[in-house]
Amino acid sequence: MNVTHSAHDHDGTHDPAELLSWYNISEDDLAILHKHRGLFLDKIEVMKDRWHDWLRQLPDYEYYFSDPSVIEHVLSQHDRYWELFFTGVVDDTYFAHRRTVGQTHARIGLSMTSYHGGMNAFHGYAIDILKEASLPSEEHIHVADAFVKLMHLDTAIVVDTYNQMVTETITAQTRSLMEMATPVTEIWSGILLLPLVGIIDSERSREIMNATLAKISQTQARMFILDISGVGVVDTAVANHLIKITRATRLMGCESIISGVSPAIAQTIVELGIDVGKVKTTATMMDALGGAFRRLGKEIRDL
Amino acid sequence: MESKDTLRIPIQLSQGCAVASIQIDLTTGILEQFRHDLLRFIDEKGATGVILDLSGVELMDLEDFEEIRMTMHMARLLGSETILCGLRPGVVAALMDLGADTDDILASFNLDEAFQNMQEVTRTKRYADQDEAQSADNKEEEGAGDPFAD
């Protein structure tokens, strides 16, 4: 079956030919940039100086570029950047370089606003150079047009890579958070405790259920205390997840108590008309623990 | 279609309870046969409760579960409460995902606890029956003065 080929690969990167056609960049465009490369590359030092001046007035300048070696490195990177820009060839090497630029920006956490500003500044310098060169008007327009299109393509790759890196970071953080967040503990023989903190969605609730059921099977616990005092929002969905967990534990012969129900949560539950069924609830974890001990025929008393 | 002599789930009497241990893959045929066998067993042996050991079941779909639940309801009509035991974590999680209605189900961790809980269930049931009988007696007494009574 011949499906329209997507420019997105599995890792979210693009195919050079495809992107060139998206940005309407022809061989002619690349060729004319290459033809006039001397105009720009000869004045690269001037452009870099002007750009450095521009950079200095950025609010984050002190934070990112206080070290002179850093700014030196950044400026030297521009040689490579603009050299590639005017080679007249946009291939995998070109793409790989632009992606590295995006990754670097993402890693140091430089905002995309600053990046766009920097590109915009360079665009201005290039136009100035072009004006001084006084080319025939048709050629002038062609070069300016090609310059803008290729610059936009560069920006697209960098932004794409930047986003991809940020998304990856968030995904990794979410995963590690999930793993940390379900410490089902046996606090007494036959009693499990799980203090819940944070947001409960369906994936998290499944995670909690699996961890709890595994622990019950392992410890043969008969009481399970689910403390929700750390749960920010309890709405219909969250309440249903919690009820589902208590139902599941009951099927394994383990009774659940939901503790830490605040007045606000109690109010929400009733106002939303949520049927909590047979689920036992208590305001404090102390009450829940007392109840669990009583249920197991134990009591705590002063010596 | 299952043949007449499908695999059967053995049922035995222990401490007055019908105890069945399911150690085979469930099919509708097996469960139908089991329902038939169980109800007859309760009727013939006068079992006071049913304990269903599901520790050997690795897979259960909603249909199997509903079949078991229906069997439990029928046993209740014959006066026997059912306690499930030994449900595996994976089976429970799957049932929850499928949205099974488990509110009226009694379950225990293993066979030992099921017997313990069964004692409690039958005891409270007996008290409830006595209370009911008593209140029925009271009604009769009250009924004596009721002009509308027969």
# chains A, B, ... in the order shown; residues from 1 in each chain; ligands from 1
>>> interface_residues(of="chain B", to="chain A", cutoff="12 Å", atoms="only C-alpha atoms", output="ChimeraX atom specification")
/B:53-55,83-114,116-117
>>> write_last_selection(atoms="N, CA, C and O atoms", output="tab-separated table (two decimals), in the first residue's frame")
chain	number	residue	atom	x	y	z
B	53	ASP	N	-12.10	-21.89	45.50
B	53	ASP	CA	-10.67	-21.59	45.45
B	53	ASP	C	-10.26	-21.34	44.00
B	53	ASP	O	-10.30	-22.26	43.17
B	54	LEU	N	-9.86	-20.11	43.71
B	54	LEU	CA	-9.54	-19.76	42.32
B	54	LEU	C	-8.03	-19.57	42.12
B	54	LEU	O	-7.60	-18.91	41.18
B	55	SER	N	-7.23	-20.14	43.04
B	55	SER	CA	-5.79	-19.89	42.97
B	55	SER	C	-5.16	-20.47	41.71
B	55	SER	O	-4.08	-20.05	41.31
B	83	ILE	N	-17.75	-17.70	49.34
B	83	ILE	CA	-16.54	-16.90	49.53
B	83	ILE	C	-15.53	-17.35	48.47
B	83	ILE	O	-15.24	-18.54	48.33
B	84	LEU	N	-15.02	-16.37	47.72
B	84	LEU	CA	-13.95	-16.69	46.76
B	84	LEU	C	-12.62	-16.60	47.48
B	84	LEU	O	-12.46	-15.79	48.40
B	85	CYS	N	-11.67	-17.39	47.07
B	85	CYS	CA	-10.36	-17.20	47.68
B	85	CYS	C	-9.24	-17.51	46.68
B	85	CYS	O	-9.46	-18.16	45.66
B	86	GLY	N	-8.08	-16.97	46.98
B	86	GLY	CA	-6.89	-17.25	46.17
B	86	GLY	C	-6.85	-16.55	44.83
B	86	GLY	O	-6.10	-16.95	43.95
B	87	LEU	N	-7.66	-15.48	44.66
B	87	LEU	CA	-7.61	-14.75	43.38
B	87	LEU	C	-6.22	-14.15	43.19
B	87	LEU	O	-5.67	-13.54	44.09
B	88	ARG	N	-5.70	-14.29	41.99
B	88	ARG	CA	-4.36	-13.76	41.73
B	88	ARG	C	-4.41	-12.26	41.41
B	88	ARG	O	-5.40	-11.79	40.84
B	89	PRO	N	-3.32	-11.54	41.72
B	89	PRO	CA	-3.29	-10.10	41.46
B	89	PRO	C	-3.59	-9.77	39.99
B	89	PRO	O	-4.34	-8.85	39.70
B	90	GLY	N	-3.04	-10.56	39.08
B	90	GLY	CA	-3.24	-10.30	37.65
B	90	GLY	C	-4.70	-10.44	37.26
B	90	GLY	O	-5.25	-9.63	36.50
B	91	VAL	N	-5.37	-11.47	37.82
B	91	VAL	CA	-6.78	-11.70	37.52
B	91	VAL	C	-7.62	-10.54	38.06
B	91	VAL	O	-8.51	-10.02	37.38
B	92	VAL	N	-7.30	-10.11	39.29
B	92	VAL	CA	-8.05	-9.02	39.90
B	92	VAL	C	-7.90	-7.74	39.08
B	92	VAL	O	-8.88	-7.05	38.76
B	93	ALA	N	-6.65	-7.43	38.70
B	93	ALA	CA	-6.41	-6.21	37.92
B	93	ALA	C	-7.17	-6.25	36.60
B	93	ALA	O	-7.76	-5.25	36.17
B	94	ALA	N	-7.19	-7.43	35.98
B	94	ALA	CA	-7.90	-7.57	34.71
B	94	ALA	C	-9.40	-7.35	34.90
B	94	ALA	O	-10.05	-6.65	34.12
B	95	LEU	N	-9.95	-7.94	35.96
B	95	LEU	CA	-11.38	-7.78	36.23
B	95	LEU	C	-11.74	-6.31	36.45
B	95	LEU	O	-12.77	-5.82	35.99
B	96	MET	N	-10.84	-5.59	37.14
B	96	MET	CA	-11.09	-4.17	37.38
B	96	MET	C	-11.07	-3.40	36.06
B	96	MET	O	-11.89	-2.52	35.82
B	97	ASP	N	-10.11	-3.74	35.21
B	97	ASP	CA	-10.02	-3.08	33.91
B	97	ASP	C	-11.27	-3.32	33.08
B	97	ASP	O	-11.72	-2.44	32.35
B	98	LEU	N	-11.81	-4.52	33.22
B	98	LEU	CA	-13.00	-4.86	32.45
B	98	LEU	C	-14.26	-4.28	33.07
B	98	LEU	O	-15.35	-4.41	32.52
B	99	GLY	N	-14.10	-3.67	34.25
B	99	GLY	CA	-15.25	-3.04	34.89
B	99	GLY	C	-16.20	-4.03	35.53
B	99	GLY	O	-17.41	-3.79	35.56
B	100	ALA	N	-15.68	-5.14	36.06
B	100	ALA	CA	-16.54	-6.14	36.68
B	100	ALA	C	-17.19	-5.56	37.95
B	100	ALA	O	-16.57	-4.79	38.67
B	101	ASP	N	-18.43	-5.93	38.18
B	101	ASP	CA	-19.14	-5.48	39.37
B	101	ASP	C	-18.88	-6.46	40.51
B	101	ASP	O	-19.36	-7.59	40.49
B	102	THR	N	-18.10	-6.03	41.50
B	102	THR	CA	-17.67	-6.97	42.53
B	102	THR	C	-18.20	-6.59	43.91
B	102	THR	O	-17.71	-7.09	44.92
B	103	ASP	N	-19.17	-5.67	43.93
B	103	ASP	CA	-19.58	-5.11	45.22
B	103	ASP	C	-20.14	-6.14	46.20
B	103	ASP	O	-19.91	-6.05	47.39
B	104	ASP	N	-20.87	-7.13	45.69
B	104	ASP	CA	-21.53	-8.05	46.62
B	104	ASP	C	-20.73	-9.34	46.79
B	104	ASP	O	-21.27	-10.35	47.21
B	105	ILE	N	-19.44	-9.29	46.46
B	105	ILE	CA	-18.64	-10.52	46.51
B	105	ILE	C	-17.77	-10.56	47.76
B	105	ILE	O	-17.15	-9.58	48.14
B	106	LEU	N	-17.78	-11.72	48.40
B	106	LEU	CA	-16.90	-11.91	49.55
B	106	LEU	C	-15.66	-12.64	49.07
B	106	LEU	O	-15.76	-13.59	48.29
B	107	ALA	N	-14.50	-12.21	49.52
B	107	ALA	CA	-13.28	-12.87	49.08
B	107	ALA	C	-12.28	-12.92	50.22
B	107	ALA	O	-12.25	-12.05	51.08
B	108	SER	N	-11.46	-13.97	50.21
B	108	SER	CA	-10.42	-14.12	51.22
B	108	SER	C	-9.10	-14.40	50.54
B	108	SER	O	-9.07	-14.77	49.36
B	109	PHE	N	-8.03	-14.22	51.30
B	109	PHE	CA	-6.72	-14.39	50.70
B	109	PHE	C	-6.44	-15.84	50.32
B	109	PHE	O	-6.02	-16.13	49.21
B	110	ASN	N	-6.69	-16.76	51.25
B	110	ASN	CA	-6.45	-18.17	50.94
B	110	ASN	C	-7.53	-19.05	51.60
B	110	ASN	O	-8.45	-18.54	52.22
B	111	LEU	N	-7.37	-20.34	51.46
B	111	LEU	CA	-8.37	-21.27	51.93
B	111	LEU	C	-8.57	-21.18	53.45
B	111	LEU	O	-9.71	-21.17	53.93
B	112	ASP	N	-7.47	-21.07	54.19
B	112	ASP	CA	-7.56	-20.97	55.65
B	112	ASP	C	-8.44	-19.80	56.07
B	112	ASP	O	-9.35	-19.94	56.89
B	113	GLU	N	-8.14	-18.65	55.48
B	113	GLU	CA	-8.90	-17.46	55.85
B	113	GLU	C	-10.34	-17.57	55.39
B	113	GLU	O	-11.24	-17.04	56.04
B	114	ALA	N	-10.53	-18.25	54.27
B	114	ALA	CA	-11.90	-18.41	53.78
B	114	ALA	C	-12.73	-19.19	54.79
B	114	ALA	O	-13.87	-18.84	55.08
B	116	GLN	N	-12.19	-19.39	58.03
B	116	GLN	CA	-12.39	-18.50	59.18
B	116	GLN	C	-13.53	-17.52	58.91
B	116	GLN	O	-14.44	-17.36	59.72
B	117	ASN	N	-13.44	-16.88	57.74
B	117	ASN	CA	-14.46	-15.89	57.41
B	117	ASN	C	-15.83	-16.53	57.24
B	117	ASN	O	-16.85	-15.92	57.55
>>> residues_around(residues="range 172-189 of chain A", least_positions_apart="5", cutoff="7 Å", atoms="only C-alpha atoms", output="MDAnalysis selection string")
chainID A and resid 194 204 208 212
>>> write_last_selection(atoms="C-alpha atoms", output="PDB file, in the first residue's frame")
ATOM      1  CA  LEU A 194       0.238   3.722  51.025  1.00  0.00           C
ATOM      2  CA  ARG A 204      -1.096   6.234  37.926  1.00  0.00           C
ATOM      3  CA  ILE A 208      -0.999   1.915  42.316  1.00  0.00           C
ATOM      4  CA  THR A 212      -0.826  -2.849  45.962  1.00  0.00           C
TER       5      THR A 212
END
>>> atom_distance(atom1="CA of Tyr61 in chain A", atom2="CA of Ser111 in chain A")
11.7 Å
>>> residues_around(residues="Asp43 in chain B", least_positions_apart="5", cutoff="12 Å", atoms="only C-alpha atoms", output="list in words")
Cys17, Ala18, His36, Asp37, Leu38, Thr48, Gly49, Val50, Met74, Ala75, Arg76, Leu77, Leu78, Gly79 and Ser80 of chain B
>>> select_by_dssp(residues="range 2-44 of chain B", states="alpha helix (DSSP H)", output="number ranges by chain")
B: 28-44
>>> atom_distance(atom1="CA of Met285 in chain A", atom2="CA of Ser259 in chain A")
5.3 Å
>>> residues_around(residues="Pro59 in chain A", least_positions_apart="6", cutoff="12 Å", atoms="only C-alpha atoms", output="list in words")
Phe65, Ser66, Leu110, Ser111, Thr113 and Ser114 of chain A
>>> closest_residue(among="A:Gln57, A:Asn120, A:Thr104, A:Thr284", to="Ser229 in chain A", atoms="only C-alpha atoms")
A:Thr284
>>> residues_around(residues="Ile225 in chain A", least_positions_apart="2", cutoff="8 Å", atoms="only C-alpha atoms", output="list in words")
Ile191, Leu192, Leu193, Leu194, Met223, Asp227, Ser256, Ile257, Ile258, Ser259, Met285, Ala288 and Leu289 of chain A
>>> write_last_selection(atoms="all heavy atoms", output="CSV table (one decimal), in the first residue's frame")
chain,number,residue,atom,x,y,z
A,191,ILE,N,-1.0,-5.3,57.9
A,191,ILE,CA,-1.5,-4.0,57.5
A,191,ILE,C,-0.5,-3.3,56.5
A,191,ILE,O,0.7,-3.2,56.8
A,191,ILE,CB,-1.6,-3.1,58.8
A,191,ILE,CG1,-2.5,-3.8,59.8
A,191,ILE,CG2,-2.2,-1.8,58.4
A,191,ILE,CD1,-2.7,-3.0,61.1
A,192,LEU,N,-1.1,-2.9,55.4
A,192,LEU,CA,-0.3,-2.1,54.4
A,192,LEU,C,-0.7,-0.7,54.5
A,192,LEU,O,-1.8,-0.4,54.7
A,192,LEU,CB,-0.6,-2.7,53.0
A,192,LEU,CG,-0.2,-4.1,52.7
A,192,LEU,CD1,-0.5,-4.4,51.2
A,192,LEU,CD2,1.3,-4.3,53.0
A,193,LEU,N,0.3,0.2,54.2
A,193,LEU,CA,0.0,1.6,54.1
A,193,LEU,C,0.6,2.2,52.9
A,193,LEU,O,1.7,1.9,52.5
A,193,LEU,CB,0.6,2.3,55.3
A,193,LEU,CG,0.6,3.9,55.3
A,193,LEU,CD1,-0.8,4.4,55.5
A,193,LEU,CD2,1.5,4.5,56.3
A,194,LEU,N,-0.3,3.0,52.2
A,194,LEU,CA,0.2,3.7,51.0
A,194,LEU,C,-0.2,5.2,51.1
A,194,LEU,O,-1.3,5.5,51.0
A,194,LEU,CB,-0.3,3.1,49.7
A,194,LEU,CG,0.0,3.9,48.5
A,194,LEU,CD1,1.5,4.1,48.2
A,194,LEU,CD2,-0.6,3.2,47.2
A,223,MET,N,-5.4,-5.8,55.8
A,223,MET,CA,-5.9,-4.4,55.8
A,223,MET,C,-5.0,-3.6,55.0
A,223,MET,O,-3.8,-3.7,55.0
A,223,MET,CB,-5.9,-3.9,57.3
A,223,MET,CG,-6.8,-4.6,58.2
A,223,MET,SD,-8.6,-4.6,57.8
A,223,MET,CE,-9.0,-2.9,57.7
A,227,ASP,N,-3.8,6.5,52.2
A,227,ASP,CA,-3.9,7.8,52.8
A,227,ASP,C,-3.9,8.9,51.6
A,227,ASP,O,-2.9,8.9,50.9
A,227,ASP,CB,-2.8,8.1,53.7
A,227,ASP,CG,-2.9,9.4,54.4
A,227,ASP,OD1,-3.8,9.5,55.3
A,227,ASP,OD2,-2.2,10.4,54.1
A,256,SER,N,-10.0,-2.4,52.5
A,256,SER,CA,-9.3,-1.1,52.4
A,256,SER,C,-9.9,0.0,53.3
A,256,SER,O,-11.2,0.0,53.5
A,256,SER,CB,-9.4,-0.6,51.0
A,256,SER,OG,-8.7,-1.5,50.1
A,257,ILE,N,-9.1,0.9,53.8
A,257,ILE,CA,-9.6,2.1,54.5
A,257,ILE,C,-9.0,3.3,53.8
A,257,ILE,O,-7.8,3.3,53.6
A,257,ILE,CB,-9.2,2.1,56.0
A,257,ILE,CG1,-9.7,0.8,56.7
A,257,ILE,CG2,-9.8,3.3,56.6
A,257,ILE,CD1,-9.3,0.7,58.1
A,258,ILE,N,-9.8,4.2,53.4
A,258,ILE,CA,-9.2,5.4,52.8
A,258,ILE,C,-9.2,6.5,53.9
A,258,ILE,O,-10.2,6.9,54.5
A,258,ILE,CB,-10.1,6.0,51.6
A,258,ILE,CG1,-10.0,4.9,50.5
A,258,ILE,CG2,-9.6,7.3,51.1
A,258,ILE,CD1,-10.8,5.3,49.3
A,259,SER,N,-7.9,6.9,54.2
A,259,SER,CA,-7.8,7.9,55.3
A,259,SER,C,-7.4,9.2,54.7
A,259,SER,O,-7.0,9.3,53.6
A,259,SER,CB,-6.8,7.4,56.3
A,259,SER,OG,-5.5,7.5,55.8
A,285,MET,N,-5.2,9.4,59.6
A,285,MET,CA,-4.5,8.1,59.4
A,285,MET,C,-4.6,7.4,60.8
A,285,MET,O,-4.6,6.1,60.8
A,285,MET,CB,-3.1,8.3,59.0
A,285,MET,CG,-2.5,7.1,58.2
A,285,MET,SD,-0.8,7.1,58.2
A,285,MET,CE,-0.5,8.3,56.9
A,288,ALA,N,-7.7,5.4,61.0
A,288,ALA,CA,-7.6,4.3,60.1
A,288,ALA,C,-6.8,3.1,60.7
A,288,ALA,O,-7.2,2.0,60.7
A,288,ALA,CB,-7.0,4.7,58.8
A,289,LEU,N,-5.7,3.5,61.3
A,289,LEU,CA,-4.8,2.5,61.9
A,289,LEU,C,-5.5,1.9,63.1
A,289,LEU,O,-5.4,0.6,63.2
A,289,LEU,CB,-3.5,3.2,62.3
A,289,LEU,CG,-2.3,2.3,62.6
A,289,LEU,CD1,-2.0,1.5,61.4
A,289,LEU,CD2,-1.1,3.2,63.0
>>> select_by_dssp(residues="chain B", states="strand (DSSP E)", output="list in words")
Ile11, Gln12, Leu13, Ser14, Cys17, Ala18, Val19, Ala20, Ser21, Gly49, Val50, Ile51, Leu52, Asp53, Glu81, Thr82, Ile83, Leu84, Cys85, Leu106, Ala107 and Ser108 of chain B
>>> atom_distance(atom1="CA of Val231 in chain A", atom2="CA of Ile243 in chain A")
14.7 Å
>>> closest_residue(among="A:Met119, A:Ala126, A:Leu33, A:Leu242", to="Met151 in chain A", atoms="only C-alpha atoms")
A:Met119
